[in-house]
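*Asks:* Pasting in a structure now, in structure tokens, and then I'll have a few things to ask.
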Amino acid sequence: MRIVTDFPRRVQEEETWIPLADGTRLAARIWRPVDAEHHPVPAILEYLPYRKRDLTAERDVQMHPYWAGHGYAGVRVDIRGTGDSDGVLTDEYLPQELEDGLEILAWLEDQPWCTGDVGMIGISWGGFNGLQIAALRPRQLKAVITLCFTDDRYADDIHHMGGCLLGDNLSWASTMFDGNACPPDPELVGERWRDMWLERLDGSGLWLAQWLEHQRRDDYWKHGSVCEDYSAIQCPVYAVSGWADGYCNAVFRVLERLSVPRKGLVGPWAHKYPHLGVPGPAIGFLQESLRWWDQWLKGQETDIMEEPMVRVWMQESVPPSARYDERPGRWVAEPEWPSPNILPSSFRLTAGHDLLPEADGQDDDTTLDIRSPLSVGLYAGKWCSYNAPPDLPHDQRDEDGGSLIFQTPRLDAPLEIFGAPIVELELSADQPVAMVALRLSDIAEDDKATRVSYGLLNLTHRDSNEFPEPLEPGKCYRVRIPLKHIAQQFGTGHAIRLAISTSYWPLAWPAPSPVRLTILPSRCRLVLPVRAPRPAEEAALPAFDEPEGAPPMAKTLLQPTQETWQVIRDLANDRTTLEVINDEGRYRIDDIDLEIAARVTERYAYSYGNYDSVSGWTEWQRSFKRGDWEVHTLTRTLMTSDAENFRIRATLDAWEGDTRIFARTWDETIPRDLV
């Protein structure tokens with residue numbers, strides 16, 4: 001990354017509190033030009049629960065001062081109950097969070113250094129609440145950049161996919177379990193810190209149990225899902241994600257369904273800002289964001305809206321790997337979405353396990369069965385990739401052994417797709433609750449299988465996520481399953497493979513019992529969104545600048561990091577475990593003399609053939625230290641299930657120095673609801 005030290009305007013930083021009507025104070029960190037009180041500037045708000053003073057500080061100091069140096073106020077606010085803000089956070093995207101957000105906007109409007117025009121930006125949580133607050137139509141909010149976000153909290157978030165319960169639901173709940181147990185910084189909040197901390201430890205609760213109470217798309221998930229009324233959003237929106245991220249689908253839905261000025265950008269990245277994007281290439285996203293802010297917050301014509309509506313990285317074939325530094329490919333664009341330049345190409349499945357062009361297939365009544373082992377999914381990676389530890393899908397041949405596979409002949413010319421592949425299946429099941437997992441893979445000339453896209457469907461949700469219905473064993477159903485959006489080139493000599501399985505553990509929690517699916521291949525289709533290259537138009541696209549940012553945070557590494565992702569097959573005991581370790585080591589933020597350490601371990605396990613043995617276990621250890629002050633937290637969560645129930649056992653322990661000052665345990669049983 002290119003470090004910028006010379007900006008058009010000199011920048012000052014302050015830490016302050018934003019007072020709310022109910023007496024709560026929200027902690028804010030603000031970077032703005034030193035002359036802003038005489039020459040006011042628009043504000044750019046990032047509103048998160050992830051602790052502005054320490055856990056996101058490294059990222060914040062390269063973004064917000066950069067915007068400030070170009071004539072904005074970069075404003076980073078801790079959500080109520082997090083970081084150094086007052087209160088307790090008890091769930092995601094609560095009405096209180098959004099109401100507080102409206103008060104923040106009003107407070108910014110009243111500041112003498114602010115013009116009253118505000119933009120909101122955020123990745124993940126901040127991408128969600130930027131759109132949610134936009135849907136409330138505050139007059140101060142003039143534009144949004146939303147990254148790695150969703151418009152539908154049930155259908156396309158870290159909790160569920162196709163009505164299936166995601167393993168990342170447990171992982172993410174454990175992340176927030178740890179985050180909600182962190183104390184405020186005594187250096188900033190003073191002697192109140194201990195009382196604030198104890199209030200959080202006692203009041204935040206076990207979010208995983210709350211989420212599991214809602215296994216279908218009810219009012220709980222509709223709240224905060226802007227897809228309920230796209231017309232409520234009346235300000236311009238720039239939607240950004242990455243192909244390795246879990247949230248790329250939403251970019252294309254908001255492009256299609258919003259009526260405001262809008263743009264979309266999808267690179268090869270995991271769950272990262274694009275100037276920090278991995279897999280690369282990273283881009284000069286801060287420069288791109290300035291073009292957006294200058295257009296909509298300052299009224300300057302930047303020509304950004306003259307460019308195509310959506311721009312994406314067309315990936316080329318690569319060998320399978322759990323981590324990539326770079327993904328080869330090129331930037332392509334479409335002037336509108338959906339694009340008339342992308343046409344469906346249909347392939348018929350055959351009893352001989354072929355994928356043939358629609359016109360080449362023949363009808364017959366041959367059926368094929370599949371009853372997958374629980375091992376299918378061990379090489380799937382995470383639903384939401386961070387590319388650290390290595391969490392992308394590996395060679396799919398291990399997964400294909402427990403799946404039905406269908407494959408095209410080797411291609412005699414490259415084939416490019418851009419959009420959401422669709423699979424139509426005619427099938428029956430021998431159980432009332434069943435899932436189907438679909439994987440689209442690029443088969444290289446050496447037969448290595450790289451996953452390109454995938455999709456899941458809980459078959460009880462075949463007609464509705466809100467009103468699921470059990471299957472009638474033996475009855476034939478026709479289902480349509482969209483896979484994740486992707487832009488991918490399949491090279492000459494490569495083949496395209498579709499794999500069908502009845503489990504995908506631990507990416508998704510398995511059905512209550514083993515399932516046999518029977519499909520009628522001749523009535524099943526794979527529909528690919530085929531895009532013909534347009535070299536002249538692609539060559540005319542303006543190049544992105546190289547990544548740049550403000551000077552990095554002064555940070556001293558005191559203990560090294562460790563990242564592992566291991567599949568452990570204990571053949572003697574017929575037990576398999578996927579173990580993930582992400583040890584952030586120990587480091588010091590030099591400016592505030594604060595030492596931080598964190599280590600998370602996750603284990604997902606099962607015994608051979610025993611669906612009641614499936615378990616997910618997570619442990620977070622975290623500490624903060626400055627001089628004689630030291631605190632430490634330990635959170636553990638174990639999730640298991642049988643045919644009727646989910647069970648959660650969790651513990652939270654907190655120490656001040658060597659003294660344990662808080663301990664709590666949970667043991668919750670929650671009935672399965674057609675999952």
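Starting from 1 in every chain, residues are counted up; chains themselves are A, B, ... following the order of the structure tokens, and ligands are numbered from 1 as listed.
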So which residues touch A:Pro274 within 10 Å, counting only C-alpha atoms, skipping near sequence neighbours fewer than 3 positions away, as a PyMOL selection string?

*Replies:* chain A and resi 147+240-242+265-271+277-286+547

*Asks:* Save out the residues we just selected, N, CA, C and O atoms, as a PDB file, in the first residue's frame.

*Replies:*
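Once everything was written out, this is selection_18.pdb:
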ATOM      1  N   LEU A 147     -20.597  -2.257   2.199  1.00  0.00           N
ATOM      2  CA  LEU A 147     -19.684  -3.319   1.794  1.00  0.00           C
ATOM      3  C   LEU A 147     -20.010  -4.606   2.539  1.00  0.00           C
ATOM      4  O   LEU A 147     -20.280  -4.590   3.744  1.00  0.00           O
ATOM      5  N   VAL A 240     -20.698  -2.932  -2.507  1.00  0.00           N
ATOM      6  CA  VAL A 240     -19.380  -3.521  -2.756  1.00  0.00           C
ATOM      7  C   VAL A 240     -19.280  -4.864  -2.035  1.00  0.00           C
ATOM      8  O   VAL A 240     -19.763  -5.015  -0.906  1.00  0.00           O
ATOM      9  N   SER A 241     -18.626  -5.840  -2.669  1.00  0.00           N
ATOM     10  CA  SER A 241     -18.347  -7.110  -2.003  1.00  0.00           C
ATOM     11  C   SER A 241     -17.213  -7.805  -2.742  1.00  0.00           C
ATOM     12  O   SER A 241     -16.532  -7.201  -3.580  1.00  0.00           O
ATOM     13  N   GLY A 242     -17.002  -9.092  -2.410  1.00  0.00           N
ATOM     14  CA  GLY A 242     -15.965  -9.893  -3.055  1.00  0.00           C
ATOM     15  C   GLY A 242     -16.484 -11.287  -3.321  1.00  0.00           C
ATOM     16  O   GLY A 242     -17.349 -11.788  -2.594  1.00  0.00           O
ATOM     17  N   LEU A 265     -19.732  -3.022  -7.200  1.00  0.00           N
ATOM     18  CA  LEU A 265     -18.333  -3.396  -7.403  1.00  0.00           C
ATOM     19  C   LEU A 265     -18.079  -4.705  -6.665  1.00  0.00           C
ATOM     20  O   LEU A 265     -18.349  -4.798  -5.459  1.00  0.00           O
ATOM     21  N   VAL A 266     -17.590  -5.711  -7.378  1.00  0.00           N
ATOM     22  CA  VAL A 266     -17.248  -6.988  -6.754  1.00  0.00           C
ATOM     23  C   VAL A 266     -15.883  -7.418  -7.274  1.00  0.00           C
ATOM     24  O   VAL A 266     -15.683  -7.590  -8.481  1.00  0.00           O
ATOM     25  N   GLY A 267     -14.944  -7.573  -6.349  1.00  0.00           N
ATOM     26  CA  GLY A 267     -13.607  -8.039  -6.692  1.00  0.00           C
ATOM     27  C   GLY A 267     -13.411  -9.481  -6.273  1.00  0.00           C
ATOM     28  O   GLY A 267     -14.360 -10.169  -5.890  1.00  0.00           O
ATOM     29  N   PRO A 268     -12.185  -9.964  -6.297  1.00  0.00           N
ATOM     30  CA  PRO A 268     -11.912 -11.347  -5.902  1.00  0.00           C
ATOM     31  C   PRO A 268     -11.824 -11.529  -4.387  1.00  0.00           C
ATOM     32  O   PRO A 268     -11.560 -12.630  -3.917  1.00  0.00           O
ATOM     33  N   TRP A 269     -12.105 -10.475  -3.634  1.00  0.00           N
ATOM     34  CA  TRP A 269     -11.749 -10.397  -2.223  1.00  0.00           C
ATOM     35  C   TRP A 269     -12.609 -11.257  -1.303  1.00  0.00           C
ATOM     36  O   TRP A 269     -13.745 -11.606  -1.610  1.00  0.00           O
ATOM     37  N   ALA A 270     -12.044 -11.534  -0.128  1.00  0.00           N
ATOM     38  CA  ALA A 270     -12.797 -12.089   0.993  1.00  0.00           C
ATOM     39  C   ALA A 270     -13.466 -10.926   1.738  1.00  0.00           C
ATOM     40  O   ALA A 270     -13.688  -9.860   1.164  1.00  0.00           O
ATOM     41  N   HIS A 271     -13.760 -11.108   3.007  1.00  0.00           N
ATOM     42  CA  HIS A 271     -14.526 -10.137   3.799  1.00  0.00           C
ATOM     43  C   HIS A 271     -13.605  -8.996   4.239  1.00  0.00           C
ATOM     44  O   HIS A 271     -13.241  -8.870   5.411  1.00  0.00           O
ATOM     45  N   GLY A 277      -7.774  -5.721   0.144  1.00  0.00           N
ATOM     46  CA  GLY A 277      -8.412  -6.925  -0.372  1.00  0.00           C
ATOM     47  C   GLY A 277      -7.472  -8.086  -0.598  1.00  0.00           C
ATOM     48  O   GLY A 277      -6.450  -7.962  -1.262  1.00  0.00           O
ATOM     49  N   VAL A 278      -7.868  -9.227  -0.034  1.00  0.00           N
ATOM     50  CA  VAL A 278      -7.257 -10.521  -0.335  1.00  0.00           C
ATOM     51  C   VAL A 278      -8.399 -11.509  -0.539  1.00  0.00           C
ATOM     52  O   VAL A 278      -9.416 -11.407   0.139  1.00  0.00           O
ATOM     53  N   PRO A 279      -8.271 -12.441  -1.489  1.00  0.00           N
ATOM     54  CA  PRO A 279      -7.212 -12.505  -2.490  1.00  0.00           C
ATOM     55  C   PRO A 279      -7.166 -11.241  -3.341  1.00  0.00           C
ATOM     56  O   PRO A 279      -8.182 -10.600  -3.553  1.00  0.00           O
ATOM     57  N   GLY A 280      -5.957 -10.894  -3.822  1.00  0.00           N
ATOM     58  CA  GLY A 280      -5.801  -9.703  -4.628  1.00  0.00           C
ATOM     59  C   GLY A 280      -6.277  -9.935  -6.054  1.00  0.00           C
ATOM     60  O   GLY A 280      -6.689 -11.044  -6.417  1.00  0.00           O
ATOM     61  N   PRO A 281      -6.225  -8.902  -6.866  1.00  0.00           N
ATOM     62  CA  PRO A 281      -5.577  -7.618  -6.572  1.00  0.00           C
ATOM     63  C   PRO A 281      -6.447  -6.675  -5.754  1.00  0.00           C
ATOM     64  O   PRO A 281      -7.646  -6.525  -6.013  1.00  0.00           O
ATOM     65  N   ALA A 282      -5.807  -6.055  -4.743  1.00  0.00           N
ATOM     66  CA  ALA A 282      -6.444  -4.950  -4.034  1.00  0.00           C
ATOM     67  C   ALA A 282      -6.460  -3.732  -4.956  1.00  0.00           C
ATOM     68  O   ALA A 282      -5.701  -3.661  -5.921  1.00  0.00           O
ATOM     69  N   ILE A 283      -7.336  -2.782  -4.640  1.00  0.00           N
ATOM     70  CA  ILE A 283      -7.460  -1.590  -5.488  1.00  0.00           C
ATOM     71  C   ILE A 283      -7.392  -0.324  -4.636  1.00  0.00           C
ATOM     72  O   ILE A 283      -7.488  -0.381  -3.395  1.00  0.00           O
ATOM     73  N   GLY A 284      -7.272   0.818  -5.306  1.00  0.00           N
ATOM     74  CA  GLY A 284      -7.299   2.111  -4.620  1.00  0.00           C
ATOM     75  C   GLY A 284      -8.718   2.484  -4.236  1.00  0.00           C
ATOM     76  O   GLY A 284      -9.300   3.421  -4.788  1.00  0.00           O
ATOM     77  N   PHE A 285      -9.257   1.770  -3.265  1.00  0.00           N
ATOM     78  CA  PHE A 285     -10.659   1.961  -2.901  1.00  0.00           C
ATOM     79  C   PHE A 285     -10.895   3.310  -2.227  1.00  0.00           C
ATOM     80  O   PHE A 285     -11.971   3.907  -2.387  1.00  0.00           O
ATOM     81  N   LEU A 286      -9.938   3.797  -1.462  1.00  0.00           N
ATOM     82  CA  LEU A 286     -10.153   5.095  -0.809  1.00  0.00           C
ATOM     83  C   LEU A 286     -10.255   6.203  -1.852  1.00  0.00           C
ATOM     84  O   LEU A 286     -11.047   7.141  -1.699  1.00  0.00           O
ATOM     85  N   PRO A 547      -3.659   0.732  -4.209  1.00  0.00           N
ATOM     86  CA  PRO A 547      -4.149   1.035  -2.859  1.00  0.00           C
ATOM     87  C   PRO A 547      -3.284   2.078  -2.178  1.00  0.00           C
ATOM     88  O   PRO A 547      -2.056   2.066  -2.305  1.00  0.00           O
TER      89      PRO A 547
END

*Asks:* Got a sec: who's within 12 Å of A:Leu98, counting only C-alpha atoms, leaving out chain neighbours fewer than 5 positions off, as a list in words?

*Replies:*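 Skipping anything fewer than 5 positions along the chain leaves Tyr47, Leu48, Ile79, Arg80, Glu92, Tyr93, Glu103, Ile104, Leu105, Gly126, Phe128, Asn129, Gly130, Leu131, Gln132, Ile133, Ala134, Ala135, Leu136, Arg137, Pro138, His223 and Gly224 of chain A.
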
*Asks:* Separation of atom CA of A:Asp364 and atom CA of A:Cys524, in Å?

*Replies:*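 Computing it gives 11.6 Å between the two atoms.
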
*Asks:* When DSSP works through the backbone of this structure, what residues of stretch 342-545 of chain A end up as strand (DSSP E or B), shown as a count of residues only?

*Replies:* 80

*Asks:* Would you kindly return, as a count of residues only, each protein, DNA or RNA residue with an atom no farther than 6 Å from any atom of stretch 592-600 of chain A, considering only C-alpha atoms and excluding same-chain residues fewer than 4 positions away?

*Replies:* 16

*Asks:* Check the smallest atom-to-atom distance from each of A:Asp185, A:Asp245, A:Asp100, A:Asp86 to A:Leu55 using only C-alpha atoms, then report the winner.

*Replies:*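 Going through A:Asp185, A:Asp245, A:Asp100, A:Asp86 one by one, the smallest distance to A:Leu55 is for A:Asp185.
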
*Asks:* Leaving out stretch 494-499 of chain A and any residue of its chain fewer than 4 positions from it, which residues lie within 7 Å of it when counting only C-alpha atoms, given as a PyMOL selection string?

*Replies:* chain A and resi 400+403-411+438-445+490

*Asks:* Write a file of the just-selected residues containing C-alpha atoms, as a compact mmCIF listing (two decimals), in the first residue's frame.

*Replies:*
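Ended up saving to out05.txt:
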# COMPACT_ATOMS: atom_id res chain seq x y z
CA ASP A 400 -17.23 -35.46 -4.83
CA SER A 403 -21.88 -36.85 -4.08
CA LEU A 404 -23.65 -37.38 -7.36
CA ILE A 405 -21.55 -35.68 -10.03
CA PHE A 406 -22.40 -34.56 -13.55
CA GLN A 407 -19.80 -33.16 -15.92
CA THR A 408 -19.58 -31.49 -19.32
CA PRO A 409 -17.21 -32.70 -22.02
CA ARG A 410 -13.88 -30.86 -22.10
CA LEU A 411 -14.37 -27.35 -23.48
CA LEU A 438 -24.99 -28.12 -4.88
CA ARG A 439 -21.43 -27.31 -5.97
CA LEU A 440 -20.25 -25.99 -9.32
CA SER A 441 -16.59 -26.75 -9.97
CA ASP A 442 -13.95 -26.02 -12.59
CA ILE A 443 -12.24 -29.29 -13.54
CA ALA A 444 -8.70 -28.68 -14.76
CA GLU A 445 -6.87 -30.78 -17.30
CA PHE A 490 -13.63 -21.89 -17.62

*Asks:* Skipping near chain neighbours, those fewer than 2 positions away, what residues fall within 8 Å of stretch 507-523 of chain A using only C-alpha atoms, listed as number ranges by chain?

*Replies:* A: 164-168, 348-351, 361-372, 374, 377, 380-383, 425-431, 433-435, 502-505, 525, 611-612, 642-644, 675

*Asks:* Take the residues just selected and output them with N, CA and C atoms as a short mmCIF file (atom, residue, chain, number, x, y, z; two decimals), in the first residue's frame.

*Replies:*
data_model
loop_
_atom_site.label_atom_id
_atom_site.label_comp_id
_atom_site.auth_asym_id
_atom_site.auth_seq_id
_atom_site.Cartn_x
_atom_site.Cartn_y
_atom_site.Cartn_z
N CYS A 164 -31.18 -23.47 5.43
CA CYS A 164 -30.27 -24.32 6.22
C CYS A 164 -29.58 -23.47 7.28
N LEU A 165 -29.32 -24.06 8.43
CA LEU A 165 -28.61 -23.39 9.51
C LEU A 165 -27.11 -23.46 9.23
N LEU A 166 -26.46 -22.30 9.16
CA LEU A 166 -25.04 -22.25 8.82
C LEU A 166 -24.16 -22.50 10.04
N GLY A 167 -23.01 -23.15 9.81
CA GLY A 167 -22.03 -23.30 10.88
C GLY A 167 -21.48 -21.97 11.32
N ASP A 168 -21.41 -20.99 10.40
CA ASP A 168 -20.94 -19.67 10.77
C ASP A 168 -21.86 -18.98 11.76
N ARG A 348 -28.58 -30.25 -19.54
CA ARG A 348 -29.41 -31.32 -18.99
C ARG A 348 -28.52 -32.35 -18.27
N LEU A 349 -28.98 -32.83 -17.12
CA LEU A 349 -28.29 -33.90 -16.43
C LEU A 349 -28.71 -35.23 -17.06
N THR A 350 -27.79 -36.18 -17.10
CA THR A 350 -28.11 -37.48 -17.69
C THR A 350 -27.84 -38.61 -16.69
N ALA A 351 -28.46 -39.74 -16.96
CA ALA A 351 -28.23 -40.92 -16.11
C ALA A 351 -26.80 -41.41 -16.20
N GLY A 361 -29.77 -33.59 -24.93
CA GLY A 361 -30.24 -34.55 -23.94
C GLY A 361 -31.42 -35.35 -24.45
N GLN A 362 -31.71 -36.48 -23.80
CA GLN A 362 -32.85 -37.32 -24.12
C GLN A 362 -33.61 -37.65 -22.84
N ASP A 363 -34.93 -37.69 -22.95
CA ASP A 363 -35.76 -38.03 -21.80
C ASP A 363 -35.69 -39.53 -21.54
N ASP A 364 -35.57 -39.90 -20.29
CA ASP A 364 -35.77 -41.28 -19.86
C ASP A 364 -36.17 -41.25 -18.40
N ASP A 365 -36.56 -42.38 -17.87
CA ASP A 365 -37.09 -42.44 -16.51
C ASP A 365 -36.08 -43.00 -15.51
N THR A 366 -34.82 -43.05 -15.89
CA THR A 366 -33.79 -43.55 -14.99
C THR A 366 -33.65 -42.63 -13.78
N THR A 367 -33.51 -43.20 -12.60
CA THR A 367 -33.30 -42.41 -11.38
C THR A 367 -31.92 -42.70 -10.81
N LEU A 368 -31.43 -41.75 -10.04
CA LEU A 368 -30.16 -41.90 -9.32
C LEU A 368 -30.37 -41.53 -7.87
N ASP A 369 -29.71 -42.24 -6.98
CA ASP A 369 -29.83 -42.00 -5.54
C ASP A 369 -28.54 -41.45 -4.98
N ILE A 370 -28.67 -40.69 -3.89
CA ILE A 370 -27.48 -40.23 -3.14
C ILE A 370 -27.83 -40.13 -1.66
N ARG A 371 -26.97 -40.66 -0.84
CA ARG A 371 -27.05 -40.54 0.62
C ARG A 371 -25.62 -40.26 1.09
N SER A 372 -25.31 -39.00 1.28
CA SER A 372 -23.93 -38.57 1.48
C SER A 372 -23.44 -38.84 2.90
N LEU A 374 -21.28 -37.67 6.27
CA LEU A 374 -21.10 -36.37 6.92
C LEU A 374 -19.76 -35.74 6.57
N GLY A 377 -18.15 -31.75 2.94
CA GLY A 377 -18.16 -30.41 3.50
C GLY A 377 -16.92 -30.07 4.30
N ALA A 380 -14.98 -27.44 2.48
CA ALA A 380 -15.83 -26.37 1.94
C ALA A 380 -15.36 -24.98 2.32
N GLY A 381 -14.51 -24.85 3.33
CA GLY A 381 -14.16 -23.53 3.83
C GLY A 381 -15.31 -22.92 4.59
N LYS A 382 -15.21 -21.62 4.85
CA LYS A 382 -16.25 -20.91 5.60
C LYS A 382 -17.27 -20.29 4.65
N TRP A 383 -18.50 -20.11 5.16
CA TRP A 383 -19.51 -19.37 4.40
C TRP A 383 -19.01 -17.95 4.15
N LEU A 425 -34.12 -29.19 -10.02
CA LEU A 425 -34.08 -30.62 -9.71
C LEU A 425 -35.49 -31.17 -9.57
N GLU A 426 -35.67 -32.39 -10.03
CA GLU A 426 -36.87 -33.15 -9.72
C GLU A 426 -36.42 -34.31 -8.84
N LEU A 427 -36.95 -34.37 -7.63
CA LEU A 427 -36.40 -35.29 -6.64
C LEU A 427 -37.45 -35.73 -5.64
N SER A 428 -37.11 -36.77 -4.90
CA SER A 428 -37.88 -37.20 -3.73
C SER A 428 -36.91 -37.54 -2.63
N ALA A 429 -37.41 -37.61 -1.40
CA ALA A 429 -36.58 -37.92 -0.24
C ALA A 429 -37.26 -38.99 0.59
N ASP A 430 -36.48 -39.70 1.39
CA ASP A 430 -37.06 -40.74 2.24
C ASP A 430 -37.27 -40.26 3.68
N GLN A 431 -37.07 -38.94 3.93
CA GLN A 431 -37.27 -38.37 5.25
C GLN A 431 -38.08 -37.08 5.12
N VAL A 433 -37.52 -34.22 6.61
CA VAL A 433 -36.63 -33.07 6.65
C VAL A 433 -35.34 -33.46 5.94
N ALA A 434 -34.97 -32.68 4.94
CA ALA A 434 -33.78 -33.01 4.15
C ALA A 434 -33.20 -31.73 3.57
N MET A 435 -31.92 -31.77 3.28
CA MET A 435 -31.27 -30.67 2.60
C MET A 435 -30.56 -31.19 1.37
N THR A 502 -26.26 -34.62 0.08
CA THR A 502 -27.33 -34.47 1.08
C THR A 502 -26.82 -33.90 2.39
N SER A 503 -25.54 -33.56 2.44
CA SER A 503 -24.99 -32.88 3.62
C SER A 503 -23.84 -32.00 3.16
N TYR A 504 -23.50 -31.04 4.01
CA TYR A 504 -22.38 -30.12 3.72
C TYR A 504 -21.85 -29.58 5.04
N TRP A 505 -21.46 -30.49 5.89
CA TRP A 505 -21.02 -30.19 7.25
C TRP A 505 -19.52 -29.92 7.27
N ARG A 525 -31.92 -29.61 -14.58
CA ARG A 525 -31.19 -28.68 -15.43
C ARG A 525 -30.19 -27.86 -14.62
N TYR A 611 -25.50 -39.14 13.25
CA TYR A 611 -25.95 -37.75 13.13
C TYR A 611 -26.12 -37.09 14.49
N ASP A 612 -26.41 -37.86 15.54
CA ASP A 612 -26.56 -37.27 16.87
C ASP A 612 -25.22 -36.88 17.49
N ASP A 642 -29.78 -33.48 18.52
CA ASP A 642 -30.30 -34.80 18.20
C ASP A 642 -31.45 -34.60 17.23
N ALA A 643 -32.25 -35.60 17.01
CA ALA A 643 -33.30 -35.50 15.99
C ALA A 643 -34.36 -34.47 16.34
N GLU A 644 -34.51 -34.15 17.63
CA GLU A 644 -35.59 -33.25 18.04
C GLU A 644 -35.12 -31.87 18.46
N VAL A 675 -35.52 -28.06 10.61
CA VAL A 675 -34.13 -27.77 10.22
C VAL A 675 -33.29 -29.00 10.53
#

*Asks:* Fewer than 6 positions away in the same chain doesn't count, so skip those; otherwise give me all residues within 9 Å of A:Val237, counting only C-alpha atoms, as a PyMOL selection string.

*Replies:* chain A and resi 131+143-146+254-255+258+260-264

*Asks:* Write down as a compact mmCIF listing (two decimals) with N, CA, C and O atoms, in the first residue's frame the residues of stretch 69-151 of chain A whose backbone DSSP state falls under helix (DSSP H, G or I).

*Replies:*
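Output file out29.txt follows:
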# COMPACT_ATOMS: atom_id res chain seq x y z
N GLY A 69 -8.18 14.40 5.33
CA GLY A 69 -7.19 15.16 4.59
C GLY A 69 -7.68 15.66 3.24
O GLY A 69 -7.10 16.57 2.66
N PRO A 95 -33.83 -1.90 17.12
CA PRO A 95 -34.41 -0.57 16.88
C PRO A 95 -33.66 0.53 17.62
O PRO A 95 -33.51 1.64 17.10
N GLN A 96 -33.16 0.23 18.84
CA GLN A 96 -32.42 1.23 19.60
C GLN A 96 -31.16 1.66 18.86
O GLN A 96 -30.80 2.84 18.85
N GLU A 97 -30.47 0.70 18.25
CA GLU A 97 -29.26 1.03 17.48
C GLU A 97 -29.58 2.00 16.35
O GLU A 97 -28.83 2.96 16.11
N LEU A 98 -30.68 1.76 15.66
CA LEU A 98 -31.04 2.62 14.53
C LEU A 98 -31.51 3.99 15.02
O LEU A 98 -31.18 5.02 14.42
N GLU A 99 -32.25 4.02 16.12
CA GLU A 99 -32.66 5.31 16.69
C GLU A 99 -31.44 6.11 17.15
O GLU A 99 -31.37 7.33 16.94
N ASP A 100 -30.48 5.42 17.77
CA ASP A 100 -29.24 6.11 18.15
C ASP A 100 -28.53 6.65 16.92
O ASP A 100 -27.95 7.75 16.94
N GLY A 101 -28.54 5.87 15.84
CA GLY A 101 -27.91 6.33 14.60
C GLY A 101 -28.53 7.62 14.09
O GLY A 101 -27.82 8.52 13.61
N LEU A 102 -29.84 7.75 14.20
CA LEU A 102 -30.51 8.99 13.79
C LEU A 102 -30.06 10.16 14.65
O LEU A 102 -29.86 11.28 14.16
N GLU A 103 -29.87 9.91 15.96
CA GLU A 103 -29.40 10.97 16.84
C GLU A 103 -27.96 11.36 16.51
O GLU A 103 -27.59 12.54 16.62
N ILE A 104 -27.14 10.39 16.12
CA ILE A 104 -25.76 10.71 15.72
C ILE A 104 -25.78 11.65 14.52
O ILE A 104 -25.04 12.65 14.47
N LEU A 105 -26.62 11.34 13.54
CA LEU A 105 -26.70 12.19 12.35
C LEU A 105 -27.14 13.60 12.71
O LEU A 105 -26.59 14.59 12.19
N ALA A 106 -28.11 13.70 13.60
CA ALA A 106 -28.57 15.03 14.02
C ALA A 106 -27.47 15.78 14.77
O ALA A 106 -27.30 17.01 14.59
N TRP A 107 -26.70 15.07 15.58
CA TRP A 107 -25.59 15.70 16.32
C TRP A 107 -24.53 16.20 15.34
O TRP A 107 -24.01 17.32 15.49
N LEU A 108 -24.21 15.38 14.35
CA LEU A 108 -23.22 15.81 13.35
C LEU A 108 -23.69 17.06 12.62
O LEU A 108 -22.91 17.99 12.38
N GLU A 109 -24.96 17.10 12.28
CA GLU A 109 -25.50 18.25 11.57
C GLU A 109 -25.33 19.53 12.39
O GLU A 109 -25.12 20.62 11.82
N ASP A 110 -25.37 19.42 13.71
CA ASP A 110 -25.30 20.60 14.58
C ASP A 110 -23.87 21.06 14.86
O ASP A 110 -23.68 22.12 15.48
N TRP A 125 -21.31 -5.34 9.53
CA TRP A 125 -22.29 -4.69 10.41
C TRP A 125 -22.53 -3.25 9.96
O TRP A 125 -23.68 -2.81 9.85
N GLY A 126 -21.49 -2.51 9.68
CA GLY A 126 -21.64 -1.13 9.24
C GLY A 126 -22.27 -1.01 7.87
O GLY A 126 -22.91 0.00 7.56
N GLY A 127 -22.11 -2.04 7.04
CA GLY A 127 -22.80 -2.06 5.76
C GLY A 127 -24.28 -2.30 5.93
O GLY A 127 -25.11 -1.74 5.21
N PHE A 128 -24.62 -3.15 6.91
CA PHE A 128 -26.04 -3.39 7.22
C PHE A 128 -26.71 -2.11 7.72
O PHE A 128 -27.74 -1.69 7.20
N ASN A 129 -26.13 -1.53 8.79
CA ASN A 129 -26.87 -0.44 9.43
C ASN A 129 -26.86 0.84 8.60
O ASN A 129 -27.74 1.69 8.77
N GLY A 130 -25.90 0.98 7.68
CA GLY A 130 -25.96 2.12 6.77
C GLY A 130 -27.21 2.08 5.92
O GLY A 130 -27.91 3.09 5.76
N LEU A 131 -27.53 0.90 5.37
CA LEU A 131 -28.75 0.77 4.58
C LEU A 131 -30.00 0.86 5.45
O LEU A 131 -31.02 1.44 5.06
N GLN A 132 -29.93 0.27 6.64
CA GLN A 132 -31.10 0.29 7.54
C GLN A 132 -31.44 1.72 7.95
O GLN A 132 -32.62 2.09 8.01
N ILE A 133 -30.43 2.51 8.23
CA ILE A 133 -30.67 3.91 8.60
C ILE A 133 -31.12 4.70 7.38
O ILE A 133 -32.00 5.56 7.47
N ALA A 134 -30.55 4.39 6.21
CA ALA A 134 -31.00 5.07 4.99
C ALA A 134 -32.49 4.85 4.76
O ALA A 134 -33.20 5.75 4.29

*Asks:* Find the residues near A:Arg59: any atom within 12 Å, counting only C-alpha atoms, skip ones fewer than 6 places away on the same chain, and give them as a list in words.

*Replies:*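 After dropping sequence-adjacent residues, the list is Glu46, Tyr50, Arg51, Lys52, Arg53, Pro65, Tyr66, Arg76, Gly122, Ile123, Lys272, Tyr273, His275, Leu276, Gly549, Ala550, Pro551, Pro552, Met553 and Ala554 of chain A.
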